[in-house]
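Asks: Just dropping this structure here.
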Amino acid sequence: MRILHVTREIGSDRRYGIGRSLAPVVQALQARGHEVRYLTQDDQSPRGRAWQQRWTERLAPWARRIYGAQAECFASIWLERLNMGRLAAKVASSARADVVHLHDPWIGWGFRLARHVHGVASCRWGITQHGFGCYTDAIREEGVPYTARLLRQHRRLEAGVLTAADWVICPTRSARAQLARDLCQVAVPAHWHAVPHPQPIAPRLSQEQARRQLGWTGDAWHVVAVGRLNPVKRFDQLVRAVVALAEQTGESGTCQQIQLTILGEGDPRSLHEIAALAKVGAVSLDVRTVDEVWPYLRGADVYVSCTANESFGLANLEAQAAGAPVLCTAVGGVPEVTGGGAWLVPGDDAALVPAVANALGTLLSNASQRKRMGEVGRAHAQSWPDASEVARQLEAVYASGG
């Protein structure tokens with residue numbers, strides 16, 4: 001088959017985005033004899049970018065008059081996605097694609113509109129929903145400013161494009177079930193499938209080797225978290241939990257410095273302000289972007305995720321593959337993916353800080369428990385479907401057309 005995968009990413013997004021899980025699947029599909037192209041925003045021509053910018057400037061004032069100030073953001077988002085859908089249809093036509101796999105429902109709308117213009121109306125196409133449940137709700141949780149009216153309209157548009165697609169894929173069964181609930185489906189439609197992200201392959205690296213590579217010396221506890229600095233990840237709550245733990249251990253006379261390392265892009269100033277509330281020397285916060293997370297995951301005493309929602313949580317599975325003890329909130333698809341190999345705490349805001357502080361304190365004070373959790377998590381990750389198996393599942397979806 002000639003297969004085209006389409007995302008809204010730019011090159012830098014591949015550190016933590018869709019590309020991190022999609023690239024090995026593309027390679028596995030190619031190894032199975034398929035012609036596969038991976039299309040991103042980096043493939044937009046200067047002319048296409050200029051068209052997008054011009055129409056964004058033209059439509060933003062009209063959107064603001066109809067929907068209010070928030071609509072300017074949506075004019076930009078929608079034109080970006082529609083333009084990627086248009087490009088997808090154009091490339092699918094020139095490449096004579098049999099299958100177009102779109103990784104965003106709004107790109108799906110663009111492709112649906114443009115496929116007739118470019119003569120690919122008979123091409124099989126479908127969408128992967130990367131958020132937990134309805135994409136509209138997922139991006140709202142990440143901070144996109146919806147009005148009630150826009151929220152209703154976008155849910156209707158999302159439901160329409162998912163109905164029109166030949167197939168819809170969610171990365172977990174729980175995400176698929178939530179999508180059906182969000183869009184008021186009585187039952188999960190037959191053309192909706194659950195296909196996971198593939199098993200992450202951890203390099204052979206001991207904790208001691210990883211720490212030497214990172215320059216981590218001394219007796220500090222090393223706690224690691226991964227993800228973009230957006231509200232849904234709740235890194236502010238994680239920093240508060242680490243500060244609370246440092247205060248608890250200080251009062252008991254067992255104070256040991258905690259080094260919290262967050263690997264993600266964004267503005268860390270508010271996180272540093274929270275960390276500064278701890279006693280001098282008790283908590284050290286390092287927020288950075290890196291191309292390779294494996295040394296940090298392997299060198300960690302504990303890996304933590306405090307996210308409010310998660311469709312899959314690839315970083316959690318990567319931490320398990322690295323052998324780190326994993327502490328996560330029991331939200332979205334996280335329990336399904338971590339498979340009993342992680343310490344799960346309730347995800348509600350009110351109890352999050354004490355729950356994470358207490359669990360983290362228990363793990364950091366018990367080396368044998370950390371070792372057992374790391375071994376169980378690694379065994380679970382190694383049993384996860386690999387890229388070749390995920391490629392086989394995608395083949396079955398593509399061939400069936402739904």
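Chain labels follow the order of the structure tokens: the first chain is A, the next B, and so on; residue numbering restarts at 1 in every chain, and ligands are counted from 1 in their shown order.
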Would you give me, as a PDB file with N, CA and C atoms, in the first residue's frame, the residues in range 109-346 of chain A that DSSP reads as alpha helix (DSSP H)?
Replies:
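Below is the file result03.pdb, written as the result:
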ATOM      1  N   TRP A 109     -10.789  17.499   8.619  1.00  0.00           N
ATOM      2  CA  TRP A 109     -11.769  18.353   7.942  1.00  0.00           C
ATOM      3  C   TRP A 109     -11.167  18.973   6.689  1.00  0.00           C
ATOM      4  N   GLY A 110      -9.939  19.447   6.787  1.00  0.00           N
ATOM      5  CA  GLY A 110      -9.280  20.031   5.625  1.00  0.00           C
ATOM      6  C   GLY A 110      -9.126  19.034   4.505  1.00  0.00           C
ATOM      7  N   PHE A 111      -8.726  17.810   4.852  1.00  0.00           N
ATOM      8  CA  PHE A 111      -8.576  16.766   3.829  1.00  0.00           C
ATOM      9  C   PHE A 111      -9.924  16.398   3.232  1.00  0.00           C
ATOM     10  N   ARG A 112     -10.929  16.290   4.069  1.00  0.00           N
ATOM     11  CA  ARG A 112     -12.264  15.925   3.583  1.00  0.00           C
ATOM     12  C   ARG A 112     -12.770  16.936   2.553  1.00  0.00           C
ATOM     13  N   LEU A 113     -12.506  18.206   2.775  1.00  0.00           N
ATOM     14  CA  LEU A 113     -12.947  19.251   1.853  1.00  0.00           C
ATOM     15  C   LEU A 113     -12.102  19.282   0.578  1.00  0.00           C
ATOM     16  N   ALA A 114     -10.787  19.043   0.725  1.00  0.00           N
ATOM     17  CA  ALA A 114      -9.874  19.213  -0.415  1.00  0.00           C
ATOM     18  C   ALA A 114      -9.734  17.960  -1.275  1.00  0.00           C
ATOM     19  N   TYR A 135     -11.442  15.431  21.113  1.00  0.00           N
ATOM     20  CA  TYR A 135     -10.286  16.307  20.904  1.00  0.00           C
ATOM     21  C   TYR A 135     -10.602  17.741  21.322  1.00  0.00           C
ATOM     22  N   THR A 136     -11.820  18.173  21.060  1.00  0.00           N
ATOM     23  CA  THR A 136     -12.239  19.518  21.448  1.00  0.00           C
ATOM     24  C   THR A 136     -12.066  19.722  22.947  1.00  0.00           C
ATOM     25  N   ASP A 137     -12.515  18.759  23.747  1.00  0.00           N
ATOM     26  CA  ASP A 137     -12.373  18.870  25.199  1.00  0.00           C
ATOM     27  C   ASP A 137     -10.909  18.776  25.625  1.00  0.00           C
ATOM     28  N   ALA A 138     -10.139  17.936  24.919  1.00  0.00           N
ATOM     29  CA  ALA A 138      -8.735  17.754  25.286  1.00  0.00           C
ATOM     30  C   ALA A 138      -7.942  19.046  25.129  1.00  0.00           C
ATOM     31  N   ILE A 139      -8.148  19.757  24.015  1.00  0.00           N
ATOM     32  CA  ILE A 139      -7.363  20.987  23.824  1.00  0.00           C
ATOM     33  C   ILE A 139      -7.896  22.112  24.722  1.00  0.00           C
ATOM     34  N   ARG A 140      -9.177  22.043  25.086  1.00  0.00           N
ATOM     35  CA  ARG A 140      -9.699  23.014  26.055  1.00  0.00           C
ATOM     36  C   ARG A 140      -8.991  22.842  27.398  1.00  0.00           C
ATOM     37  N   GLU A 141      -8.771  21.597  27.819  1.00  0.00           N
ATOM     38  CA  GLU A 141      -8.073  21.342  29.076  1.00  0.00           C
ATOM     39  C   GLU A 141      -6.628  21.830  29.031  1.00  0.00           C
ATOM     40  N   ALA A 148     -18.829  28.791  25.369  1.00  0.00           N
ATOM     41  CA  ALA A 148     -19.799  27.699  25.360  1.00  0.00           C
ATOM     42  C   ALA A 148     -20.305  27.432  23.940  1.00  0.00           C
ATOM     43  N   ARG A 149     -20.513  28.509  23.186  1.00  0.00           N
ATOM     44  CA  ARG A 149     -21.022  28.368  21.815  1.00  0.00           C
ATOM     45  C   ARG A 149     -20.006  27.662  20.916  1.00  0.00           C
ATOM     46  N   LEU A 150     -18.741  28.100  20.986  1.00  0.00           N
ATOM     47  CA  LEU A 150     -17.704  27.466  20.185  1.00  0.00           C
ATOM     48  C   LEU A 150     -17.512  26.002  20.567  1.00  0.00           C
ATOM     49  N   LEU A 151     -17.607  25.709  21.854  1.00  0.00           N
ATOM     50  CA  LEU A 151     -17.435  24.341  22.325  1.00  0.00           C
ATOM     51  C   LEU A 151     -18.498  23.434  21.712  1.00  0.00           C
ATOM     52  N   ARG A 152     -19.759  23.857  21.713  1.00  0.00           N
ATOM     53  CA  ARG A 152     -20.831  23.045  21.122  1.00  0.00           C
ATOM     54  C   ARG A 152     -20.608  22.855  19.625  1.00  0.00           C
ATOM     55  N   GLN A 153     -20.237  23.923  18.949  1.00  0.00           N
ATOM     56  CA  GLN A 153     -20.053  23.831  17.498  1.00  0.00           C
ATOM     57  C   GLN A 153     -18.881  22.922  17.146  1.00  0.00           C
ATOM     58  N   HIS A 154     -17.804  23.015  17.888  1.00  0.00           N
ATOM     59  CA  HIS A 154     -16.634  22.188  17.577  1.00  0.00           C
ATOM     60  C   HIS A 154     -16.895  20.724  17.885  1.00  0.00           C
ATOM     61  N   ARG A 155     -17.653  20.431  18.906  1.00  0.00           N
ATOM     62  CA  ARG A 155     -18.022  19.035  19.170  1.00  0.00           C
ATOM     63  C   ARG A 155     -18.841  18.475  18.016  1.00  0.00           C
ATOM     64  N   ARG A 156     -19.790  19.275  17.483  1.00  0.00           N
ATOM     65  CA  ARG A 156     -20.594  18.812  16.350  1.00  0.00           C
ATOM     66  C   ARG A 156     -19.721  18.581  15.112  1.00  0.00           C
ATOM     67  N   LEU A 157     -18.792  19.503  14.865  1.00  0.00           N
ATOM     68  CA  LEU A 157     -17.897  19.346  13.725  1.00  0.00           C
ATOM     69  C   LEU A 157     -17.009  18.114  13.887  1.00  0.00           C
ATOM     70  N   GLU A 158     -16.527  17.892  15.094  1.00  0.00           N
ATOM     71  CA  GLU A 158     -15.680  16.723  15.355  1.00  0.00           C
ATOM     72  C   GLU A 158     -16.464  15.435  15.136  1.00  0.00           C
ATOM     73  N   ALA A 159     -17.686  15.387  15.659  1.00  0.00           N
ATOM     74  CA  ALA A 159     -18.521  14.203  15.466  1.00  0.00           C
ATOM     75  C   ALA A 159     -18.769  13.960  13.976  1.00  0.00           C
ATOM     76  N   GLY A 160     -18.960  15.033  13.205  1.00  0.00           N
ATOM     77  CA  GLY A 160     -19.224  14.895  11.774  1.00  0.00           C
ATOM     78  C   GLY A 160     -18.057  14.311  11.017  1.00  0.00           C
ATOM     79  N   VAL A 161     -16.839  14.777  11.291  1.00  0.00           N
ATOM     80  CA  VAL A 161     -15.695  14.273  10.541  1.00  0.00           C
ATOM     81  C   VAL A 161     -15.359  12.841  10.950  1.00  0.00           C
ATOM     82  N   LEU A 162     -15.592  12.481  12.215  1.00  0.00           N
ATOM     83  CA  LEU A 162     -15.333  11.107  12.648  1.00  0.00           C
ATOM     84  C   LEU A 162     -16.352  10.143  12.049  1.00  0.00           C
ATOM     85  N   THR A 163     -17.568  10.615  11.830  1.00  0.00           N
ATOM     86  CA  THR A 163     -18.581   9.787  11.174  1.00  0.00           C
ATOM     87  C   THR A 163     -18.225   9.565   9.704  1.00  0.00           C
ATOM     88  N   ALA A 164     -17.694  10.594   9.059  1.00  0.00           N
ATOM     89  CA  ALA A 164     -17.377  10.498   7.640  1.00  0.00           C
ATOM     90  C   ALA A 164     -16.123   9.675   7.370  1.00  0.00           C
ATOM     91  N   ARG A 173      -8.240   1.528  24.805  1.00  0.00           N
ATOM     92  CA  ARG A 173      -9.674   1.197  24.829  1.00  0.00           C
ATOM     93  C   ARG A 173     -10.440   2.211  25.668  1.00  0.00           C
ATOM     94  N   SER A 174      -9.814   2.664  26.750  1.00  0.00           N
ATOM     95  CA  SER A 174     -10.489   3.637  27.616  1.00  0.00           C
ATOM     96  C   SER A 174     -10.677   4.971  26.898  1.00  0.00           C
ATOM     97  N   ALA A 175      -9.717   5.369  26.059  1.00  0.00           N
ATOM     98  CA  ALA A 175      -9.863   6.613  25.286  1.00  0.00           C
ATOM     99  C   ALA A 175     -10.980   6.484  24.263  1.00  0.00           C
ATOM    100  N   ARG A 176     -11.089   5.306  23.661  1.00  0.00           N
ATOM    101  CA  ARG A 176     -12.170   5.073  22.693  1.00  0.00           C
ATOM    102  C   ARG A 176     -13.531   5.148  23.381  1.00  0.00           C
ATOM    103  N   ALA A 177     -13.650   4.551  24.547  1.00  0.00           N
ATOM    104  CA  ALA A 177     -14.916   4.588  25.287  1.00  0.00           C
ATOM    105  C   ALA A 177     -15.261   6.013  25.710  1.00  0.00           C
ATOM    106  N   GLN A 178     -14.247   6.783  26.132  1.00  0.00           N
ATOM    107  CA  GLN A 178     -14.487   8.169  26.536  1.00  0.00           C
ATOM    108  C   GLN A 178     -14.904   9.019  25.341  1.00  0.00           C
ATOM    109  N   LEU A 179     -14.315   8.764  24.187  1.00  0.00           N
ATOM    110  CA  LEU A 179     -14.693   9.498  22.976  1.00  0.00           C
ATOM    111  C   LEU A 179     -16.163   9.262  22.654  1.00  0.00           C
ATOM    112  N   ALA A 180     -16.606   8.019  22.780  1.00  0.00           N
ATOM    113  CA  ALA A 180     -18.020   7.712  22.521  1.00  0.00           C
ATOM    114  C   ALA A 180     -18.922   8.453  23.510  1.00  0.00           C
ATOM    115  N   ARG A 181     -18.523   8.507  24.782  1.00  0.00           N
ATOM    116  CA  ARG A 181     -19.329   9.225  25.781  1.00  0.00           C
ATOM    117  C   ARG A 181     -19.357  10.722  25.483  1.00  0.00           C
ATOM    118  N   ASP A 182     -18.188  11.277  25.150  1.00  0.00           N
ATOM    119  CA  ASP A 182     -18.111  12.721  24.907  1.00  0.00           C
ATOM    120  C   ASP A 182     -18.982  13.144  23.733  1.00  0.00           C
ATOM    121  N   GLN A 207      22.062   2.371  35.874  1.00  0.00           N
ATOM    122  CA  GLN A 207      21.785   3.637  36.547  1.00  0.00           C
ATOM    123  C   GLN A 207      23.075   4.401  36.800  1.00  0.00           C
ATOM    124  N   GLU A 208      24.116   3.690  37.159  1.00  0.00           N
ATOM    125  CA  GLU A 208      25.391   4.345  37.433  1.00  0.00           C
ATOM    126  C   GLU A 208      25.952   4.990  36.162  1.00  0.00           C
ATOM    127  N   GLN A 209      25.864   4.274  35.025  1.00  0.00           N
ATOM    128  CA  GLN A 209      26.336   4.841  33.761  1.00  0.00           C
ATOM    129  C   GLN A 209      25.537   6.085  33.375  1.00  0.00           C
ATOM    130  N   ALA A 210      24.206   6.003  33.577  1.00  0.00           N
ATOM    131  CA  ALA A 210      23.348   7.141  33.237  1.00  0.00           C
ATOM    132  C   ALA A 210      23.709   8.355  34.074  1.00  0.00           C
ATOM    133  N   ARG A 211      23.932   8.151  35.355  1.00  0.00           N
ATOM    134  CA  ARG A 211      24.244   9.280  36.241  1.00  0.00           C
ATOM    135  C   ARG A 211      25.606   9.885  35.919  1.00  0.00           C
ATOM    136  N   ARG A 212      26.567   9.046  35.578  1.00  0.00           N
ATOM    137  CA  ARG A 212      27.872   9.587  35.184  1.00  0.00           C
ATOM    138  C   ARG A 212      27.738  10.413  33.909  1.00  0.00           C
ATOM    139  N   GLN A 213      26.925   9.910  32.977  1.00  0.00           N
ATOM    140  CA  GLN A 213      26.712  10.626  31.720  1.00  0.00           C
ATOM    141  C   GLN A 213      26.088  11.995  31.956  1.00  0.00           C
ATOM    142  N   LEU A 214      25.177  12.077  32.943  1.00  0.00           N
ATOM    143  CA  LEU A 214      24.475  13.324  33.247  1.00  0.00           C
ATOM    144  C   LEU A 214      25.232  14.216  34.223  1.00  0.00           C
ATOM    145  N   PHE A 235       2.565  20.389  36.454  1.00  0.00           N
ATOM    146  CA  PHE A 235       3.907  20.392  37.029  1.00  0.00           C
ATOM    147  C   PHE A 235       3.982  21.285  38.265  1.00  0.00           C
ATOM    148  N   ASP A 236       3.111  22.289  38.343  1.00  0.00           N
ATOM    149  CA  ASP A 236       3.089  23.122  39.544  1.00  0.00           C
ATOM    150  C   ASP A 236       2.742  22.296  40.772  1.00  0.00           C
ATOM    151  N   GLN A 237       1.812  21.354  40.610  1.00  0.00           N
ATOM    152  CA  GLN A 237       1.436  20.482  41.717  1.00  0.00           C
ATOM    153  C   GLN A 237       2.567  19.516  42.080  1.00  0.00           C
ATOM    154  N   LEU A 238       3.278  19.061  41.080  1.00  0.00           N
ATOM    155  CA  LEU A 238       4.420  18.190  41.349  1.00  0.00           C
ATOM    156  C   LEU A 238       5.485  18.935  42.154  1.00  0.00           C
ATOM    157  N   VAL A 239       5.794  20.159  41.760  1.00  0.00           N
ATOM    158  CA  VAL A 239       6.798  20.935  42.505  1.00  0.00           C
ATOM    159  C   VAL A 239       6.326  21.167  43.938  1.00  0.00           C
ATOM    160  N   ARG A 240       5.040  21.469  44.119  1.00  0.00           N
ATOM    161  CA  ARG A 240       4.499  21.657  45.479  1.00  0.00           C
ATOM    162  C   ARG A 240       4.634  20.373  46.297  1.00  0.00           C
ATOM    163  N   ALA A 241       4.393  19.224  45.653  1.00  0.00           N
ATOM    164  CA  ALA A 241       4.509  17.947  46.361  1.00  0.00           C
ATOM    165  C   ALA A 241       5.946  17.695  46.798  1.00  0.00           C
ATOM    166  N   VAL A 242       6.912  18.021  45.940  1.00  0.00           N
ATOM    167  CA  VAL A 242       8.326  17.839  46.289  1.00  0.00           C
ATOM    168  C   VAL A 242       8.720  18.788  47.418  1.00  0.00           C
ATOM    169  N   VAL A 243       8.236  20.030  47.366  1.00  0.00           N
ATOM    170  CA  VAL A 243       8.506  20.979  48.449  1.00  0.00           C
ATOM    171  C   VAL A 243       7.902  20.472  49.761  1.00  0.00           C
ATOM    172  N   ALA A 244       6.666  19.962  49.701  1.00  0.00           N
ATOM    173  CA  ALA A 244       6.012  19.434  50.900  1.00  0.00           C
ATOM    174  C   ALA A 244       6.789  18.256  51.476  1.00  0.00           C
ATOM    175  N   LEU A 245       7.285  17.388  50.595  1.00  0.00           N
ATOM    176  CA  LEU A 245       8.065  16.241  51.060  1.00  0.00           C
ATOM    177  C   LEU A 245       9.360  16.711  51.722  1.00  0.00           C
ATOM    178  N   ALA A 246      10.006  17.698  51.133  1.00  0.00           N
ATOM    179  CA  ALA A 246      11.245  18.221  51.720  1.00  0.00           C
ATOM    180  C   ALA A 246      10.990  18.788  53.111  1.00  0.00           C
ATOM    181  N   GLU A 247       9.846  19.447  53.289  1.00  0.00           N
ATOM    182  CA  GLU A 247       9.502  19.996  54.603  1.00  0.00           C
ATOM    183  C   GLU A 247       9.246  18.878  55.608  1.00  0.00           C
ATOM    184  N   GLN A 248       8.546  17.814  55.158  1.00  0.00           N
ATOM    185  CA  GLN A 248       8.263  16.679  56.045  1.00  0.00           C
ATOM    186  C   GLN A 248       9.548  16.005  56.504  1.00  0.00           C
ATOM    187  N   THR A 249      10.461  15.753  55.577  1.00  0.00           N
ATOM    188  CA  THR A 249      11.704  15.072  55.947  1.00  0.00           C
ATOM    189  C   THR A 249      12.593  15.975  56.798  1.00  0.00           C
ATOM    190  N   GLY A 250      12.508  17.289  56.553  1.00  0.00           N
ATOM    191  CA  GLY A 250      13.291  18.216  57.365  1.00  0.00           C
ATOM    192  C   GLY A 250      12.829  18.221  58.802  1.00  0.00           C
ATOM    193  N   GLU A 251      11.509  18.156  59.013  1.00  0.00           N
ATOM    194  CA  GLU A 251      10.961  18.140  60.366  1.00  0.00           C
ATOM    195  C   GLU A 251      11.314  16.856  61.104  1.00  0.00           C
ATOM    196  N   SER A 252      11.464  15.747  60.349  1.00  0.00           N
ATOM    197  CA  SER A 252      11.776  14.466  60.989  1.00  0.00           C
ATOM    198  C   SER A 252      13.272  14.266  61.188  1.00  0.00           C
ATOM    199  N   ARG A 269       9.258  29.785  34.820  1.00  0.00           N
ATOM    200  CA  ARG A 269       9.448  30.759  35.901  1.00  0.00           C
ATOM    201  C   ARG A 269       8.531  30.512  37.089  1.00  0.00           C
ATOM    202  N   SER A 270       7.266  30.208  36.839  1.00  0.00           N
ATOM    203  CA  SER A 270       6.342  29.978  37.957  1.00  0.00           C
ATOM    204  C   SER A 270       6.736  28.738  38.754  1.00  0.00           C
ATOM    205  N   LEU A 271       7.299  27.737  38.091  1.00  0.00           N
ATOM    206  CA  LEU A 271       7.742  26.530  38.795  1.00  0.00           C
ATOM    207  C   LEU A 271       8.926  26.841  39.708  1.00  0.00           C
ATOM    208  N   HIS A 272       9.847  27.660  39.233  1.00  0.00           N
ATOM    209  CA  HIS A 272      10.995  28.041  40.069  1.00  0.00           C
ATOM    210  C   HIS A 272      10.545  28.858  41.279  1.00  0.00           C
ATOM    211  N   GLU A 273       9.505  29.662  41.101  1.00  0.00           N
ATOM    212  CA  GLU A 273       8.978  30.446  42.226  1.00  0.00           C
ATOM    213  C   GLU A 273       8.430  29.526  43.312  1.00  0.00           C
ATOM    214  N   ILE A 274       7.752  28.435  42.908  1.00  0.00           N
ATOM    215  CA  ILE A 274       7.224  27.479  43.889  1.00  0.00           C
ATOM    216  C   ILE A 274       8.375  26.752  44.582  1.00  0.00           C
ATOM    217  N   ALA A 275       9.366  26.310  43.790  1.00  0.00           N
ATOM    218  CA  ALA A 275      10.497  25.580  44.362  1.00  0.00           C
ATOM    219  C   ALA A 275      11.263  26.436  45.369  1.00  0.00           C
ATOM    220  N   TRP A 294      16.366   9.092  27.643  1.00  0.00           N
ATOM    221  CA  TRP A 294      16.692   7.810  28.284  1.00  0.00           C
ATOM    222  C   TRP A 294      17.669   7.913  29.446  1.00  0.00           C
ATOM    223  N   PRO A 295      18.761   8.674  29.366  1.00  0.00           N
ATOM    224  CA  PRO A 295      19.664   8.751  30.531  1.00  0.00           C
ATOM    225  C   PRO A 295      18.969   9.287  31.771  1.00  0.00           C
ATOM    226  N   TYR A 296      18.057  10.229  31.603  1.00  0.00           N
ATOM    227  CA  TYR A 296      17.335  10.801  32.749  1.00  0.00           C
ATOM    228  C   TYR A 296      16.381   9.770  33.361  1.00  0.00           C
ATOM    229  N   LEU A 297      15.664   9.034  32.502  1.00  0.00           N
ATOM    230  CA  LEU A 297      14.740   8.021  33.012  1.00  0.00           C
ATOM    231  C   LEU A 297      15.503   6.897  33.701  1.00  0.00           C
ATOM    232  N   ARG A 298      16.639   6.501  33.122  1.00  0.00           N
ATOM    233  CA  ARG A 298      17.417   5.418  33.723  1.00  0.00           C
ATOM    234  C   ARG A 298      18.110   5.869  34.996  1.00  0.00           C
ATOM    235  N   GLY A 299      18.514   7.133  35.070  1.00  0.00           N
ATOM    236  CA  GLY A 299      19.222   7.613  36.251  1.00  0.00           C
ATOM    237  C   GLY A 299      18.324   8.003  37.402  1.00  0.00           C
ATOM    238  N   LEU A 314       2.973   8.057  26.782  1.00  0.00           N
ATOM    239  CA  LEU A 314       4.145   7.332  26.303  1.00  0.00           C
ATOM    240  C   LEU A 314       5.318   7.461  27.261  1.00  0.00           C
ATOM    241  N   ALA A 315       5.504   8.632  27.863  1.00  0.00           N
ATOM    242  CA  ALA A 315       6.632   8.819  28.779  1.00  0.00           C
ATOM    243  C   ALA A 315       6.545   7.872  29.968  1.00  0.00           C
ATOM    244  N   ASN A 316       5.322   7.568  30.423  1.00  0.00           N
ATOM    245  CA  ASN A 316       5.158   6.621  31.527  1.00  0.00           C
ATOM    246  C   ASN A 316       5.676   5.239  31.132  1.00  0.00           C
ATOM    247  N   LEU A 317       5.320   4.806  29.922  1.00  0.00           N
ATOM    248  CA  LEU A 317       5.762   3.495  29.440  1.00  0.00           C
ATOM    249  C   LEU A 317       7.269   3.498  29.192  1.00  0.00           C
ATOM    250  N   GLU A 318       7.807   4.621  28.729  1.00  0.00           N
ATOM    251  CA  GLU A 318       9.256   4.727  28.537  1.00  0.00           C
ATOM    252  C   GLU A 318       9.983   4.620  29.877  1.00  0.00           C
ATOM    253  N   ALA A 319       9.423   5.256  30.902  1.00  0.00           N
ATOM    254  CA  ALA A 319      10.039   5.174  32.226  1.00  0.00           C
ATOM    255  C   ALA A 319      10.043   3.734  32.727  1.00  0.00           C
ATOM    256  N   GLN A 320       8.943   3.017  32.490  1.00  0.00           N
ATOM    257  CA  GLN A 320       8.909   1.604  32.860  1.00  0.00           C
ATOM    258  C   GLN A 320       9.956   0.816  32.085  1.00  0.00           C
ATOM    259  N   ALA A 321      10.065   1.078  30.782  1.00  0.00           N
ATOM    260  CA  ALA A 321      11.051   0.372  29.964  1.00  0.00           C
ATOM    261  C   ALA A 321      12.472   0.635  30.455  1.00  0.00           C
ATOM    262  N   ALA A 322      12.701   1.834  31.002  1.00  0.00           N
ATOM    263  CA  ALA A 322      14.024   2.186  31.520  1.00  0.00           C
ATOM    264  C   ALA A 322      14.302   1.564  32.884  1.00  0.00           C
ATOM    265  N   VAL A 334      -3.979   5.951  31.553  1.00  0.00           N
ATOM    266  CA  VAL A 334      -2.768   5.607  32.302  1.00  0.00           C
ATOM    267  C   VAL A 334      -2.857   4.235  32.967  1.00  0.00           C
ATOM    268  N   PRO A 335      -3.940   3.900  33.703  1.00  0.00           N
ATOM    269  CA  PRO A 335      -3.984   2.563  34.318  1.00  0.00           C
ATOM    270  C   PRO A 335      -3.911   1.438  33.290  1.00  0.00           C
ATOM    271  N   GLU A 336      -4.556   1.634  32.140  1.00  0.00           N
ATOM    272  CA  GLU A 336      -4.537   0.609  31.091  1.00  0.00           C
ATOM    273  C   GLU A 336      -3.128   0.415  30.537  1.00  0.00           C
ATOM    274  N   VAL A 337      -2.385   1.501  30.359  1.00  0.00           N
ATOM    275  CA  VAL A 337      -1.064   1.416  29.747  1.00  0.00           C
ATOM    276  C   VAL A 337      -0.010   0.930  30.740  1.00  0.00           C
ATOM    277  N   THR A 338      -0.068   1.395  31.976  1.00  0.00           N
ATOM    278  CA  THR A 338       0.959   0.997  32.946  1.00  0.00           C
ATOM    279  C   THR A 338       0.729  -0.403  33.490  1.00  0.00           C
TER     280      THR A 338
END
Asks: Give me the range 87-178 of chain A side of the contact with range 386-394 of chain A, cut-off 12 Å, one line per residue showing its nearest atom pair and distance in Å at one decimal, counting only C-alpha atoms, sorted by chain and residue number, as JSON lines.
Replies:
{"residue": "A:Val99", "atom": "CA", "partner": "A:Leu394", "partner_atom": "CA", "distance": 10.9}
{"residue": "A:Val100", "atom": "CA", "partner": "A:Leu394", "partner_atom": "CA", "distance": 12.0}
{"residue": "A:His101", "atom": "CA", "partner": "A:Leu394", "partner_atom": "CA", "distance": 10.0}
{"residue": "A:Gly126", "atom": "CA", "partner": "A:Leu394", "partner_atom": "CA", "distance": 11.0}
{"residue": "A:Ile127", "atom": "CA", "partner": "A:Leu394", "partner_atom": "CA", "distance": 11.8}
{"residue": "A:Thr128", "atom": "CA", "partner": "A:Leu394", "partner_atom": "CA", "distance": 11.0}
{"residue": "A:Trp167", "atom": "CA", "partner": "A:Leu394", "partner_atom": "CA", "distance": 10.6}
{"residue": "A:Val168", "atom": "CA", "partner": "A:Leu394", "partner_atom": "CA", "distance": 11.1}
{"residue": "A:Ile169", "atom": "CA", "partner": "A:Leu394", "partner_atom": "CA", "distance": 9.2}
{"residue": "A:Cys170", "atom": "CA", "partner": "A:Leu394", "partner_atom": "CA", "distance": 11.7}
{"residue": "A:Pro171", "atom": "CA", "partner": "A:Val390", "partner_atom": "CA", "distance": 10.6}
Asks: Selected residues, C-alpha atoms, written as an mmCIF file, in the first residue's frame, please.
Replies:
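Result file out_13.cif:
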data_model
loop_
_atom_site.group_PDB
_atom_site.id
_atom_site.type_symbol
_atom_site.label_atom_id
_atom_site.label_comp_id
_atom_site.auth_asym_id
_atom_site.auth_seq_id
_atom_site.Cartn_x
_atom_site.Cartn_y
_atom_site.Cartn_z
ATOM 1 C CA VAL A 99 -4.411 5.370 2.441
ATOM 2 C CA VAL A 100 -4.248 8.755 4.186
ATOM 3 C CA HIS A 101 -3.849 8.590 7.976
ATOM 4 C CA GLY A 126 -9.049 7.957 8.759
ATOM 5 C CA ILE A 127 -8.091 9.809 11.909
ATOM 6 C CA THR A 128 -6.203 9.021 15.091
ATOM 7 C CA TRP A 167 -11.855 4.569 10.396
ATOM 8 C CA VAL A 168 -11.056 6.231 13.728
ATOM 9 C CA ILE A 169 -8.201 5.076 15.960
ATOM 10 C CA CYS A 170 -7.656 5.731 19.672
ATOM 11 C CA PRO A 171 -4.454 4.636 21.471
#
Asks: Have a look at A:Val26, A:Val36, A:Leu344, A:Ala190 and name the one nearest to Asp166 in chain A; count only C-alpha atoms.
Replies: A:Ala190
Asks: Name all residues at most 7 Å from Val224 in chain A (count only C-alpha atoms; drop same-chain ones fewer than 2 positions away) and give them as an MDAnalysis selection string.
Replies: chainID A and resid 222 226 260:262 296:297 300 302:304
Asks: What does the file look like for those residues with C-alpha atoms, as a JSON list (two decimals), in the first residue's frame?
Replies:
[["chain", "number", "residue", "atom", "x", "y", "z"],
["A", 222, "HIS", "CA", 16.67, 12.33, 41.66],
["A", 226, "VAL", "CA", 8.58, 14.58, 31.24],
["A", 260, "LEU", "CA", 13.61, 17.50, 40.50],
["A", 261, "THR", "CA", 14.32, 17.42, 36.75],
["A", 262, "ILE", "CA", 11.49, 18.27, 34.34],
["A", 296, "TYR", "CA", 17.34, 10.80, 32.75],
["A", 297, "LEU", "CA", 14.74, 8.02, 33.01],
["A", 300, "ALA", "CA", 16.08, 8.59, 38.17],
["A", 302, "VAL", "CA", 11.59, 7.85, 40.79],
["A", 303, "TYR", "CA", 9.71, 9.01, 37.70],
["A", 304, "VAL", "CA", 6.50, 11.00, 38.39]]
